[in-house]
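This is data33.txt (compact mmCIF, C-alpha atoms).
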```txt
# COMPACT_ATOMS: atom_id res chain seq x y z
CA MET A 33 0.00 0.00 0.00
CA ARG A 34 2.83 2.29 0.97
CA HIS A 35 4.61 1.67 -2.32
CA PHE A 36 1.39 2.06 -4.25
CA SER A 37 0.64 5.46 -2.73
CA PHE A 38 4.23 6.48 -3.44
CA LEU A 39 3.74 5.46 -7.07
CA ILE A 40 0.64 7.63 -7.29
CA LEU A 41 2.53 10.55 -5.78
CA LEU A 42 5.36 10.04 -8.20
CA LEU A 43 3.00 9.99 -11.15
CA ILE A 44 1.37 13.20 -9.97
CA SER A 45 4.73 14.88 -9.49
CA LEU A 46 5.95 13.79 -12.92
CA ASN A 47 2.73 14.76 -14.59
CA SER A 48 3.88 18.14 -15.80
CA PHE A 49 7.08 16.76 -17.27
CA ALA A 50 5.73 13.79 -19.19
CA GLN A 51 4.83 14.19 -22.84
CA PRO A 52 1.22 15.22 -23.20
CA ASN A 53 -1.24 12.66 -24.47
CA CYS A 54 -2.46 14.31 -27.67
CA GLU A 55 -5.17 11.71 -28.19
CA ALA A 56 -6.79 12.79 -24.92
CA TYR A 57 -7.41 16.28 -26.37
CA LYS A 58 -9.00 14.67 -29.41
CA TYR A 59 -11.12 12.43 -27.20
CA TYR A 60 -12.45 15.44 -25.31
CA GLY A 61 -13.16 17.30 -28.56
CA ASP A 62 -10.44 19.97 -28.22
CA THR A 63 -9.32 19.82 -31.85
CA LEU A 64 -7.14 22.91 -31.70
CA LYS A 65 -5.16 21.63 -28.74
CA TYR A 66 -4.91 18.24 -30.40
CA GLN A 67 -3.35 19.87 -33.47
CA ALA A 68 -1.03 22.02 -31.36
CA CYS A 69 -0.02 18.92 -29.41
CA LYS A 70 0.67 16.87 -32.53
CA LYS A 71 2.79 19.72 -33.87
CA ALA A 72 4.69 20.01 -30.59
CA MET A 73 5.54 16.31 -30.69
CA GLU A 74 7.67 17.03 -33.77
CA ILE A 75 10.37 18.25 -31.34
CA LYS A 76 11.34 14.60 -30.93
CA GLY A 77 14.93 14.11 -31.97
CA HIS A 78 15.82 17.83 -31.76
CA TYR A 79 17.99 19.31 -29.02
CA GLN A 80 16.15 21.64 -26.62
CA PHE A 81 18.47 24.50 -27.54
CA SER A 82 18.14 24.07 -31.30
CA LYS A 83 16.48 26.35 -33.80
CA GLU A 84 14.38 23.41 -35.04
CA TYR A 85 13.07 22.59 -31.54
CA GLN A 86 12.16 26.19 -30.80
CA THR A 87 10.55 26.74 -34.21
CA VAL A 88 8.33 23.66 -33.92
CA LEU A 89 7.07 24.93 -30.55
CA ASP A 90 6.43 28.41 -31.97
CA GLU A 91 4.28 26.78 -34.62
CA SER A 92 2.46 24.79 -31.96
CA ILE A 93 1.74 28.02 -30.06
CA GLU A 94 0.51 29.64 -33.25
CA ILE A 95 -2.03 26.82 -33.64
CA ASP A 96 -3.21 27.15 -30.03
CA PRO A 97 -1.77 29.93 -27.86
CA THR A 98 -3.31 28.29 -24.78
CA PHE A 99 -1.25 25.09 -25.09
CA ASP A 100 0.82 25.25 -21.88
CA TYR A 101 3.22 22.44 -22.77
CA ALA A 102 4.74 24.36 -25.68
CA TYR A 103 5.67 27.34 -23.48
CA TRP A 104 7.09 25.05 -20.83
CA ALA A 105 9.17 23.07 -23.34
CA LYS A 106 10.44 26.27 -24.97
CA SER A 107 11.49 27.70 -21.62
CA ILE A 108 13.97 24.95 -20.73
CA ALA A 109 16.82 26.06 -22.99
CA TYR A 110 16.52 29.63 -21.71
CA LEU A 111 16.63 28.39 -18.14
CA LYS A 112 19.73 26.30 -18.76
CA SER A 113 21.50 29.10 -20.62
CA GLY A 114 20.90 31.44 -17.70
CA ASP A 115 18.57 33.73 -19.66
CA PHE A 116 16.27 34.43 -16.73
CA VAL A 117 14.34 37.15 -18.57
CA THR A 118 13.08 35.01 -21.47
CA TRP A 119 12.72 31.93 -19.26
CA LYS A 120 10.45 33.79 -16.86
CA LYS A 121 8.20 35.12 -19.62
CA LEU A 122 7.73 31.62 -21.03
CA ILE A 123 7.33 29.72 -17.78
CA ASP A 124 4.89 32.35 -16.49
CA LYS A 125 2.71 31.67 -19.50
CA SER A 126 2.61 27.95 -18.79
CA VAL A 127 1.89 28.59 -15.09
CA GLU A 128 -0.89 30.97 -16.02
CA LEU A 129 -2.47 28.30 -18.25
CA LYS A 130 -2.01 25.33 -15.91
CA PRO A 131 -0.91 26.45 -12.45
CA LYS A 132 -1.26 23.08 -10.74
CA GLU A 133 1.07 21.46 -13.26
CA HIS A 134 3.79 24.09 -13.48
CA LEU A 135 3.94 26.00 -10.19
CA GLY A 136 6.06 23.41 -8.42
CA TYR A 137 8.47 23.23 -11.34
CA ARG A 138 8.80 27.02 -11.57
CA GLY A 139 9.35 27.25 -7.82
CA TRP A 140 12.07 24.62 -7.93
CA CYS A 141 13.83 26.26 -10.89
CA ARG A 142 13.75 29.63 -9.16
CA TYR A 143 15.64 28.01 -6.32
CA GLN A 144 17.97 25.75 -8.27
CA PHE A 145 19.07 28.14 -11.00
CA PHE A 146 18.64 31.61 -9.54
CA ARG A 147 18.53 31.17 -5.75
CA ASP A 148 15.31 33.17 -5.82
CA TYR A 149 14.31 32.01 -2.35
CA LYS A 150 11.26 34.20 -1.85
CA GLY A 151 9.93 33.46 -5.34
CA ALA A 152 10.38 29.73 -4.82
CA ILE A 153 8.57 29.81 -1.47
CA LYS A 154 5.70 31.73 -3.03
CA ASP A 155 5.28 29.22 -5.86
CA ILE A 156 5.54 26.12 -3.69
CA GLU A 157 3.12 27.49 -1.10
CA LYS A 158 0.68 28.56 -3.80
CA LEU A 159 0.75 25.06 -5.25
CA ASP A 160 0.20 23.58 -1.79
CA ASN A 161 -2.88 25.75 -1.36
CA LEU A 162 -4.25 24.78 -4.77
CA VAL A 163 -4.08 21.00 -4.48
CA ASP A 164 -5.14 18.38 -1.97
CA TYR A 165 -2.50 15.84 -2.95
CA ASP A 166 1.19 15.64 -2.18
CA ILE A 167 3.04 18.39 -4.07
CA GLY A 168 5.81 15.97 -5.03
CA GLN A 169 9.49 16.09 -5.80
CA SER A 170 11.82 18.63 -7.38
CA GLN A 171 12.45 18.26 -11.10
CA ASN A 172 15.77 16.48 -10.53
CA GLY A 173 14.23 14.18 -7.91
CA THR A 174 16.73 15.16 -5.21
CA TYR A 175 14.27 16.86 -2.86
CA HIS A 176 10.66 16.81 -1.89
CA LEU A 177 9.40 20.29 -2.73
CA ASN A 178 8.73 20.91 0.96
CA ILE A 179 12.42 20.30 1.70
CA ALA A 180 13.30 22.80 -1.04
CA LYS A 181 10.87 25.25 0.56
CA GLY A 182 12.53 24.71 3.95
CA LEU A 183 15.96 25.39 2.45
CA CYS A 184 14.60 28.65 1.03
CA TYR A 185 13.29 29.69 4.44
CA ARG A 186 16.71 28.93 5.89
CA ALA A 187 18.36 31.09 3.20
CA ILE A 188 16.20 34.07 4.13
CA GLY A 189 17.08 33.64 7.80
CA GLU A 190 13.97 31.85 9.09
CA LYS A 191 15.88 28.93 10.53
CA GLU A 192 13.39 27.65 13.12
CA LYS A 193 10.69 27.59 10.48
CA ALA A 194 13.05 25.76 8.16
CA ILE A 195 13.81 23.18 10.86
CA ALA A 196 10.09 22.56 11.46
CA ILE A 197 9.48 22.08 7.72
CA LEU A 198 12.43 19.73 7.26
CA GLU A 199 11.65 17.68 10.39
CA LYS A 200 8.03 17.21 9.30
CA GLN A 201 8.87 16.26 5.71
CA ILE A 202 11.72 13.94 6.69
CA LYS A 203 9.33 12.04 9.01
CA LEU A 204 6.95 11.60 6.08
CA ASN A 205 9.82 10.58 3.81
CA GLU A 206 10.92 8.00 6.37
CA LEU A 207 7.42 6.53 6.40
CA GLU A 208 7.54 6.27 2.61
CA GLU A 209 11.11 4.93 2.82
CA PHE A 210 12.07 7.60 0.31
CA ILE A 211 14.63 9.90 1.89
CA GLY A 212 16.15 12.64 -0.23
CA ALA A 213 19.86 12.24 -0.94
CA ASN A 214 20.85 15.22 1.23
CA ASP A 215 17.87 15.60 3.59
CA TYR A 216 19.61 14.65 6.84
CA LEU A 217 22.69 16.68 5.95
CA HIS A 218 20.69 19.90 5.48
CA LEU A 219 18.78 19.33 8.70
CA GLY A 220 22.05 18.68 10.51
CA VAL A 221 23.52 21.96 9.25
CA LEU A 222 20.42 23.77 10.46
CA TYR A 223 20.80 22.17 13.91
CA LEU A 224 24.47 23.14 13.92
CA GLU A 225 23.64 26.74 13.00
CA THR A 226 21.06 26.94 15.78
CA GLU A 227 23.40 25.28 18.29
CA LYS A 228 21.41 22.07 18.70
CA PHE A 229 24.59 20.06 18.62
CA ASP A 230 23.33 16.69 19.88
CA LYS A 231 20.55 16.66 17.34
CA ALA A 232 23.03 17.68 14.64
CA ILE A 233 25.28 14.70 15.43
CA GLU A 234 22.28 12.38 15.41
CA VAL A 235 21.17 13.37 11.90
CA PHE A 236 24.69 13.59 10.47
CA LYS A 237 25.12 9.96 11.58
CA LYS A 238 21.88 9.06 9.80
CA GLN A 239 23.20 10.79 6.67
CA SER A 240 26.39 8.70 6.95
CA GLU A 241 24.36 5.51 6.94
CA TYR A 242 22.12 6.65 4.13
CA ASN A 243 24.42 8.53 1.77
CA GLU A 244 27.88 9.44 3.06
CA LEU A 245 29.30 12.68 1.71
CA ALA A 246 32.39 14.81 2.33
CA GLU A 247 30.07 17.65 3.35
CA ASN A 248 28.47 15.47 6.00
CA GLN A 249 31.79 14.70 7.70
CA TYR A 250 32.86 18.33 7.36
CA TYR A 251 29.81 19.68 9.17
CA LEU A 252 29.99 16.86 11.70
CA ALA A 253 33.56 17.97 12.36
CA LEU A 254 32.40 21.55 12.92
CA THR A 255 29.82 20.26 15.38
CA TYR A 256 32.48 18.36 17.36
CA LYS A 257 34.62 21.49 17.29
CA LYS A 258 31.79 23.41 18.97
CA LEU A 259 31.65 20.67 21.61
CA ASN A 260 35.43 20.85 22.08
CA ASN A 261 35.79 17.22 21.05
CA MET A 262 39.08 17.71 19.24
CA ASN A 263 39.76 14.07 18.43
CA GLU A 264 36.44 13.60 16.64
CA TYR A 265 36.83 17.04 15.03
CA LYS A 266 40.13 16.07 13.42
CA SER A 267 39.04 12.56 12.55
CA CYS A 268 35.91 13.79 10.74
CA LEU A 269 37.93 16.35 8.80
CA GLU A 270 40.32 13.64 7.63
CA LYS A 271 37.34 11.54 6.56
CA ALA A 272 35.84 14.56 4.79
CA LYS A 273 39.04 15.06 2.81
CA GLU A 274 39.23 11.39 1.88
CA LEU A 275 35.61 11.41 0.71
CA TYR A 276 36.07 14.64 -1.22
CA VAL A 277 39.14 13.42 -3.05
CA GLY A 278 37.32 10.17 -3.77
CA GLY A 279 34.47 12.11 -5.40
CA ARG A 280 31.89 11.48 -2.65
CA LYS A 281 30.67 15.07 -2.53
CA MET A 282 27.52 17.02 -3.32
CA SER A 283 26.99 17.72 -6.99
CA ASP A 284 24.39 18.80 -9.51
CA PRO A 285 24.69 18.96 -13.31
CA TYR A 286 23.65 22.62 -13.46
CA SER A 287 24.45 24.31 -10.18
CA ASN A 288 26.25 24.04 -6.87
CA PRO A 289 23.94 22.65 -4.18
CA MET A 290 23.35 24.46 -0.89
CA ASP A 291 25.87 23.39 1.81
CA LYS A 292 28.36 22.24 -0.80
CA ILE A 293 31.95 22.69 0.33
CA TYR A 294 35.25 22.78 -1.53
CA LEU A 295 38.58 21.13 -0.89
CA ASP A 296 40.14 24.34 0.41
CA ASN A 297 37.36 24.63 3.02
CA ILE A 298 38.40 21.23 4.37
CA GLU A 299 42.12 21.91 4.14
CA ASN A 300 41.82 25.28 5.86
CA GLU A 301 39.79 23.67 8.63
CA ILE A 302 42.41 20.92 8.98
CA LYS A 303 45.07 23.62 9.41
CA THR A 304 42.91 25.27 12.07
CA ALA A 305 42.40 21.92 13.80
CA TYR A 306 46.12 21.26 14.05
CA ASN A 307 46.86 24.83 15.15
CA ILE A 308 44.33 24.46 17.95
CA GLY A 309 45.90 21.09 18.81
CA ASN A 310 49.39 22.61 18.96
CA ARG A 311 48.13 25.42 21.15
CA TYR A 312 46.71 22.88 23.61
CA THR A 313 49.99 20.92 23.57
CA ARG A 314 52.02 24.05 24.35
CA LEU A 315 49.72 24.88 27.25
CA MET B 13 38.28 64.99 -13.09
CA LYS B 14 37.27 65.49 -16.72
CA LYS B 15 39.26 62.41 -17.66
CA SER B 16 37.55 60.17 -15.08
CA PHE B 17 34.13 61.49 -16.17
CA LEU B 18 34.99 60.64 -19.76
CA ALA B 19 36.16 57.18 -18.69
CA ILE B 20 32.82 56.50 -16.94
CA ILE B 21 30.89 57.62 -20.03
CA LEU B 22 33.02 55.37 -22.24
CA LEU B 23 32.59 52.43 -19.89
CA SER B 24 28.82 52.91 -19.87
CA ILE B 25 28.75 52.96 -23.67
CA LEU B 26 30.88 49.81 -23.77
CA CYS B 27 28.57 48.03 -21.31
CA ALA B 28 25.52 49.11 -23.27
CA CYS B 29 27.07 47.59 -26.40
CA GLN B 30 27.59 44.28 -24.63
CA THR B 31 24.15 44.16 -23.06
CA GLU B 32 21.62 41.82 -24.59
CA LYS B 33 18.14 43.15 -25.18
CA LYS B 34 15.28 40.72 -24.70
CA ILE B 35 12.62 42.55 -26.63
CA ASP B 36 10.77 39.54 -27.97
CA GLU B 37 11.40 35.89 -27.32
CA LYS B 38 10.14 35.02 -30.81
CA LYS B 39 12.89 35.98 -33.18
CA GLU B 40 15.21 34.67 -35.80
CA TYR B 41 16.94 31.85 -34.00
CA LEU B 42 20.63 31.18 -34.20
CA ARG B 43 21.84 27.59 -34.18
CA TRP B 44 21.17 27.22 -30.44
CA VAL B 45 19.48 29.37 -27.80
CA GLY B 46 22.11 31.59 -26.21
CA ASP B 47 24.60 31.42 -29.10
CA ILE B 48 26.90 34.42 -29.30
CA ALA B 49 28.09 35.54 -32.71
CA GLN B 50 31.42 37.33 -33.01
CA ASN B 51 30.99 41.12 -33.04
CA ASP B 52 34.17 42.77 -34.19
CA GLN B 53 33.18 46.06 -32.58
CA ILE B 54 33.20 44.68 -29.05
CA ASP B 55 34.92 41.28 -29.15
CA LYS B 56 38.66 40.81 -29.13
CA PRO B 57 39.72 39.80 -32.65
CA ASP B 58 42.36 37.42 -31.31
CA PHE B 59 39.81 35.27 -29.47
CA LYS B 60 39.13 32.18 -31.55
CA VAL B 61 37.01 29.10 -31.05
CA CYS B 62 38.92 25.98 -31.96
CA ASN B 63 36.31 23.73 -33.51
CA GLY B 64 33.98 26.16 -35.27
CA ASN B 65 30.90 28.04 -34.05
CA ASP B 66 28.60 25.13 -34.85
CA LYS B 67 30.40 22.84 -32.41
CA ILE B 68 30.36 25.01 -29.29
CA LEU B 69 28.75 23.07 -26.41
CA GLN B 70 27.11 24.17 -23.14
CA TYR B 71 29.06 23.77 -19.89
CA PHE B 72 26.68 21.04 -18.70
CA ASN B 73 26.76 18.99 -21.91
CA LEU B 74 29.68 16.95 -20.60
CA GLY B 75 27.86 16.01 -17.42
CA LYS B 76 30.42 17.46 -15.02
CA GLY B 77 28.31 20.32 -13.69
CA PRO B 78 29.61 23.85 -13.40
CA VAL B 79 33.38 23.37 -13.29
CA TYR B 80 36.03 26.03 -12.87
CA ASN B 81 39.74 25.88 -13.48
CA GLU B 82 40.31 25.65 -9.77
CA GLU B 83 37.30 25.20 -7.52
CA LYS B 84 34.41 27.65 -7.34
CA SER B 85 35.81 29.00 -4.09
CA GLU B 86 38.59 30.61 -6.13
CA ILE B 87 36.07 32.44 -8.31
CA LEU B 88 34.27 33.59 -5.15
CA ASN B 89 37.54 34.85 -3.70
CA ILE B 90 38.43 36.75 -6.89
CA PHE B 91 35.15 38.67 -6.87
CA LYS B 92 35.23 39.13 -3.10
CA SER B 93 38.63 40.76 -3.27
CA HIS B 94 38.15 42.81 -6.45
CA TYR B 95 34.52 43.96 -6.51
CA LYS B 96 33.97 47.33 -4.85
CA PRO B 97 30.30 47.64 -3.80
CA ILE B 98 28.37 50.67 -5.02
CA TYR B 99 25.97 51.12 -2.10
CA ASP B 100 22.58 52.10 -3.45
CA LYS B 101 19.12 50.87 -2.39
CA LYS B 102 18.01 50.90 -6.03
CA GLU B 103 20.68 48.49 -7.24
CA ASN B 104 18.98 45.10 -6.85
CA GLY B 105 18.62 42.14 -9.15
CA LEU B 106 20.49 39.67 -11.30
CA ILE B 107 23.34 40.17 -13.74
CA ARG B 108 24.37 37.34 -16.04
CA ILE B 109 27.63 37.39 -17.95
CA ARG B 110 27.67 34.72 -20.65
CA PHE B 111 30.75 33.89 -22.65
CA ILE B 112 32.61 31.20 -24.56
CA VAL B 113 35.50 29.17 -23.16
CA ASN B 114 37.66 27.85 -25.98
CA CYS B 115 39.70 24.68 -26.18
CA GLU B 116 42.66 26.45 -24.56
CA GLY B 117 40.61 27.49 -21.52
CA LYS B 118 40.52 31.15 -22.63
CA ALA B 119 37.27 33.15 -22.49
CA GLY B 120 35.79 35.58 -25.00
CA ARG B 121 32.59 37.07 -26.53
CA PHE B 122 31.21 38.29 -23.21
CA ARG B 123 27.55 39.36 -23.11
CA VAL B 124 25.59 40.92 -20.25
CA LEU B 125 21.95 40.40 -19.27
CA GLN B 126 20.41 42.37 -16.41
CA SER B 127 17.11 42.16 -14.56
CA ASP B 128 15.46 43.12 -11.30
CA TYR B 129 14.27 40.45 -8.87
CA ASP B 130 10.97 40.22 -10.75
CA TYR B 131 12.96 39.14 -13.84
CA GLN B 132 12.15 42.38 -15.63
CA GLU B 133 15.00 43.80 -17.67
CA LYS B 134 16.69 46.79 -16.12
CA GLU B 135 20.00 48.56 -16.29
CA PHE B 136 22.24 48.59 -13.27
CA ASP B 137 24.62 51.40 -12.48
CA GLY B 138 27.33 51.13 -15.15
CA LYS B 139 30.03 50.99 -12.48
CA ILE B 140 28.56 47.74 -11.11
CA VAL B 141 28.31 46.09 -14.52
CA SER B 142 31.69 47.25 -15.76
CA GLN B 143 33.41 45.98 -12.62
CA LEU B 144 31.82 42.54 -12.91
CA LEU B 145 32.55 42.38 -16.61
CA ASN B 146 36.16 43.43 -16.20
CA ILE B 147 36.81 41.04 -13.32
CA THR B 148 35.29 38.17 -15.34
CA LYS B 149 37.44 39.10 -18.33
CA GLU B 150 40.53 39.13 -16.13
CA ILE B 151 40.08 35.48 -15.14
CA GLY B 152 42.85 34.03 -17.26
CA ASN B 153 42.06 30.36 -17.28
CA TRP B 154 38.91 28.31 -17.33
CA LYS B 155 38.51 24.57 -17.21
CA ILE B 156 39.40 22.81 -20.44
CA PHE B 157 36.74 20.26 -21.34
CA HIS B 158 37.44 17.24 -23.50
CA LYS B 159 35.09 15.18 -25.61
CA SER B 160 36.58 11.92 -26.88
CA GLU B 161 39.94 13.32 -25.74
CA ILE B 162 39.58 16.36 -28.00
CA PRO B 163 39.46 19.73 -26.20
CA VAL B 164 36.18 21.48 -26.96
CA ASP B 165 34.71 25.00 -26.87
CA TYR B 166 31.75 25.65 -24.59
CA TYR B 167 29.40 28.34 -23.31
CA MET B 168 29.68 29.29 -19.67
CA TYR B 169 27.96 31.96 -17.61
CA LEU B 170 28.14 33.58 -14.22
CA ILE B 171 25.07 35.06 -12.55
CA PHE B 172 25.64 37.72 -9.92
CA LYS B 173 22.97 38.48 -7.34
CA ILE B 174 23.10 42.12 -6.31
CA LYS B 175 21.46 43.59 -3.21
CA ASP B 176 21.74 47.33 -2.57
CA GLY B 177 24.75 47.37 -4.89
CA GLN B 178 26.51 44.60 -2.98
CA LEU B 179 27.41 41.24 -4.47
CA THR B 180 25.57 38.60 -2.42
CA GLU B 181 25.85 35.40 -4.46
CA ILE B 182 27.55 34.06 -7.58
CA LEU B 183 25.90 31.26 -9.55
CA PRO B 184 25.96 28.57 -10.83
```
Kindly present the structure from the file in structure tokens form.
Amino acid sequence: MRHFSFLILLLISLNSFAQPNCEAYKYYGDTLKYQACKKAMEIKGHYQFSKEYQTVLDESIEIDPTFDYAYWAKSIAYLKSGDFVTWKKLIDKSVELKPKEHLGYRGWCRYQFFRDYKGAIKDIEKLDNLVDYDIGQSQNGTYHLNIAKGLCYRAIGEKEKAIAILEKQIKLNELEEFIGANDYLHLGVLYLETEKFDKAIEVFKKQSEYNELAENQYYLALTYKKLNNMNEYKSCLEKAKELYVGGRKMSDPYSNPMDKIYLDNIENEIKTAYNIGNRYTRL
Amino acid sequence: MKKSFLAIILLSILCACQTEKKIDEKKEYLRWVGDIAQNDQIDKPDFKVCNGNDKILQYFNLGKGPVYNEEKSEILNIFKSHYKPIYDKKENGLIRIRFIVNCEGKAGRFRVLQSDYDYQEKEFDGKIVSQLLNITKEIGNWKIFHKSEIPVDYYMYLIFKIKDGQLTEILP
């Protein structure tokens, strides 16, 4: 039952990204949309960025300017090329035509590509108010949209609110046995930032079991540093470096994820750790 | 004084030349969305792509994410140490600088896109844009990408988030 309900949720969340079923428009007697849809399907085999892909979708829009899919599909290349002005015009059009299908996607993209935290929160919350089903995952599948919303609240300084959102969603994710790849890590960093060190250690350890990352050991190290546990602090930093060099680090094809660290962050912290250690030895 | 005034005017004109205008999304398309054609009036003539304009990729086409010559932290440090904030409550929004990295890891054909936080095009104070543009141009080496062991040319961009004239984030 649990897996079945998850499947339903997944289908709902993927709904806006699947190819439209043109025959359904025909079945319901919307001939214009059927024609626009058939035209849009001619994008098959063309790269999203290409002149051919964009032209086919323009023609689809000319047939039926209310066909949301064509605007959405056109917008992707602009998003990925960083052209936020054209992307926003196009994605707004698709949201205007079918808000339930595109709000979550727009919200996620605002966060992932432009770190537009307030805009992302607005979209995700609007979607939540519009529907009575689970709002689903981010486009790349890494986060439940509520986790993304929580990260946005954190970025605008509302950390306690972010913690409440993440705790609630992680509990639900645990019930579904579908934890996001970085969920525990982000919650741990929030605990660390709000000085809930024991809780931070607890979730960083869960992250280790679920999906070990250099970032996880790095922030665990910083937590031990706060607790003056110098042995664990150093040991976690060494593990973080080993993981980082071995490629076990946060990544995304288009952007740098929140809480991502770099090798020099770890190496600088290692230097600090040994300086502190030397100071203690001299004392 | 006159000289510095003249320099600001010239810089503003230069930035205006390199700024993209998004008047209408339906237009004559180039090969790919975001392609940048050589413009001899603003682009350095000695910047060359190695494999032809029709083979320039996007930074993410090789599946390695946004990669820099060193790590991103170096880019952050460069801007942190060189950008001088122009404090002004009106200076808010996004600035994208898009460019090509050639097979030798050199960058050229820089273009600027600017918007407010509602994604509406706007023009920032020329001193903000020119600083970001010049600092980006000064970065000597970018990551060299290979496809089937052949070094390729690719499009890259940096997006700068500006709040009250201060640089708050650099993406991607």
Looking at all atoms listed in the file, which of A:His176, A:Asn161, A:Glu192, A:Lys258 is the one that sits closest to Glu208 of chain A?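 Among the listed residues, the smallest separation from Glu208 of chain A belongs to A:His176.
Using all atoms listed in the file, the nearest neighbour of Leu125 of chain B within the list B:Ile54, B:Leu145, B:Val79, B:Ile107 is B:Ile107.
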Starting from the point (9.6, 44.3, -7.5), work out which residues of protein, DNA or RNA have an atom no more than 12 Å away when counting all atoms listed in the file; state them as a PyMOL selection string. (chain A and resi 150-151) or (chain B and resi 102-105+127-134)
Selection near Leu88 of chain B, 10 Å with only C-alpha atoms, sequence-local residues under 5 positions removed, as a PyMOL selection string: chain B and resi 83+93+181-183
Go through chain B and flag each residue having an atom no more than 10 Å from chain A; for those, report the closest pair of atoms plus their distance in Å to one decimal, using only C-alpha atoms, ordered by chain and rising number, as a Markdown table.
```
| residue | atom | partner | partner_atom | distance |
| --- | --- | --- | --- | --- |
| B:Glu32 | CA | A:Asp115 | CA | 10.0 |
| B:Lys33 | CA | A:Val117 | CA | 9.7 |
| B:Lys34 | CA | A:Thr118 | CA | 6.9 |
| B:Ile35 | CA | A:Thr118 | CA | 9.1 |
| B:Asp36 | CA | A:Thr118 | CA | 8.3 |
| B:Glu37 | CA | A:Thr118 | CA | 6.1 |
| B:Lys38 | CA | A:Asp90 | CA | 7.7 |
| B:Lys39 | CA | A:Thr87 | CA | 9.6 |
| B:Glu40 | CA | A:Lys83 | CA | 8.7 |
| B:Tyr41 | CA | A:Lys83 | CA | 5.5 |
| B:Leu42 | CA | A:Lys83 | CA | 6.4 |
| B:Arg43 | CA | A:Lys83 | CA | 5.5 |
| B:Trp44 | CA | A:Ser82 | CA | 4.5 |
| B:Val45 | CA | A:Phe81 | CA | 5.0 |
| B:Gly46 | CA | A:Ser113 | CA | 6.1 |
| B:Asp47 | CA | A:Ser113 | CA | 9.3 |
| B:Gln70 | CA | A:Ser113 | CA | 7.9 |
| B:Tyr71 | CA | A:Tyr286 | CA | 8.5 |
| B:Phe72 | CA | A:Pro285 | CA | 6.1 |
| B:Asn73 | CA | A:Pro285 | CA | 8.8 |
| B:Leu74 | CA | A:Pro285 | CA | 9.1 |
| B:Gly75 | CA | A:Pro285 | CA | 6.0 |
| B:Lys76 | CA | A:Pro285 | CA | 6.2 |
| B:Gly77 | CA | A:Pro285 | CA | 3.9 |
| B:Pro78 | CA | A:Tyr286 | CA | 6.1 |
| B:Val79 | CA | A:Ser287 | CA | 9.5 |
| B:Glu83 | CA | A:Tyr294 | CA | 6.8 |
| B:Lys84 | CA | A:Tyr294 | CA | 7.6 |
| B:Ser85 | CA | A:Tyr294 | CA | 6.7 |
| B:Glu86 | CA | A:Asp296 | CA | 9.2 |
| B:Leu106 | CA | A:Phe146 | CA | 8.5 |
| B:Ile107 | CA | A:Phe116 | CA | 9.6 |
| B:Arg108 | CA | A:Gly114 | CA | 7.0 |
| B:Ile109 | CA | A:Gly114 | CA | 9.0 |
| B:Arg110 | CA | A:Gly114 | CA | 8.1 |
| B:Leu125 | CA | A:Asp115 | CA | 7.5 |
| B:Gln126 | CA | A:Val117 | CA | 8.3 |
| B:Ser127 | CA | A:Val117 | CA | 7.0 |
| B:Asp128 | CA | A:Val117 | CA | 9.5 |
| B:Tyr129 | CA | A:Asp148 | CA | 8.0 |
| B:Asp130 | CA | A:Gly151 | CA | 8.7 |
| B:Tyr131 | CA | A:Val117 | CA | 5.3 |
| B:Gln132 | CA | A:Val117 | CA | 6.4 |
| B:Glu133 | CA | A:Val117 | CA | 6.7 |
| B:Tyr167 | CA | A:Ser113 | CA | 8.4 |
| B:Met168 | CA | A:Ser113 | CA | 8.2 |
| B:Tyr169 | CA | A:Gly114 | CA | 7.1 |
| B:Leu170 | CA | A:Gly114 | CA | 8.3 |
| B:Ile171 | CA | A:Gly114 | CA | 7.6 |
| B:Phe172 | CA | A:Phe146 | CA | 9.3 |
| B:Lys173 | CA | A:Phe146 | CA | 8.4 |
| B:Glu181 | CA | A:Arg147 | CA | 8.6 |
| B:Ile182 | CA | A:Phe146 | CA | 9.4 |
| B:Leu183 | CA | A:Ser287 | CA | 7.1 |
| B:Pro184 | CA | A:Ser287 | CA | 4.6 |
```
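Between atom CA of Asn178 of chain A and atom CA of Thr226 of chain A there is a distance of 20.2 Å.
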Point-to-point distance from atom CA of Ala196 of chain A to atom CA of Asp291 of chain A, Å rounded to tenths: 18.5 Å
Near-Glu94 of chain A list (12 Å; only C-alpha atoms; drop same-chain fewer than 3 positions) as a ChimeraX atom specification: /A:64-65,67-69,71-72,87-91,97-99,102-103 /B:38
Take the residues from that selection and put them in a file with C-alpha atoms, as a CSV table (one decimal), in the coordinates of the input.
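Dumped everything to result.csv:
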```csv
chain,number,residue,atom,x,y,z
A,64,LEU,CA,-7.1,22.9,-31.7
A,65,LYS,CA,-5.2,21.6,-28.7
A,67,GLN,CA,-3.4,19.9,-33.5
A,68,ALA,CA,-1.0,22.0,-31.4
A,69,CYS,CA,0.0,18.9,-29.4
A,71,LYS,CA,2.8,19.7,-33.9
A,72,ALA,CA,4.7,20.0,-30.6
A,87,THR,CA,10.6,26.7,-34.2
A,88,VAL,CA,8.3,23.7,-33.9
A,89,LEU,CA,7.1,24.9,-30.6
A,90,ASP,CA,6.4,28.4,-32.0
A,91,GLU,CA,4.3,26.8,-34.6
A,97,PRO,CA,-1.8,29.9,-27.9
A,98,THR,CA,-3.3,28.3,-24.8
A,99,PHE,CA,-1.2,25.1,-25.1
A,102,ALA,CA,4.7,24.4,-25.7
A,103,TYR,CA,5.7,27.3,-23.5
B,38,LYS,CA,10.1,35.0,-30.8
```
Separation of atom CA of Glu299 of chain A from atom CA of Phe229 of chain A, in Å and rounded to one decimal: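 Atom-to-atom, atom CA of Glu299 of chain A to atom CA of Phe229 of chain A, that is 22.8 Å.
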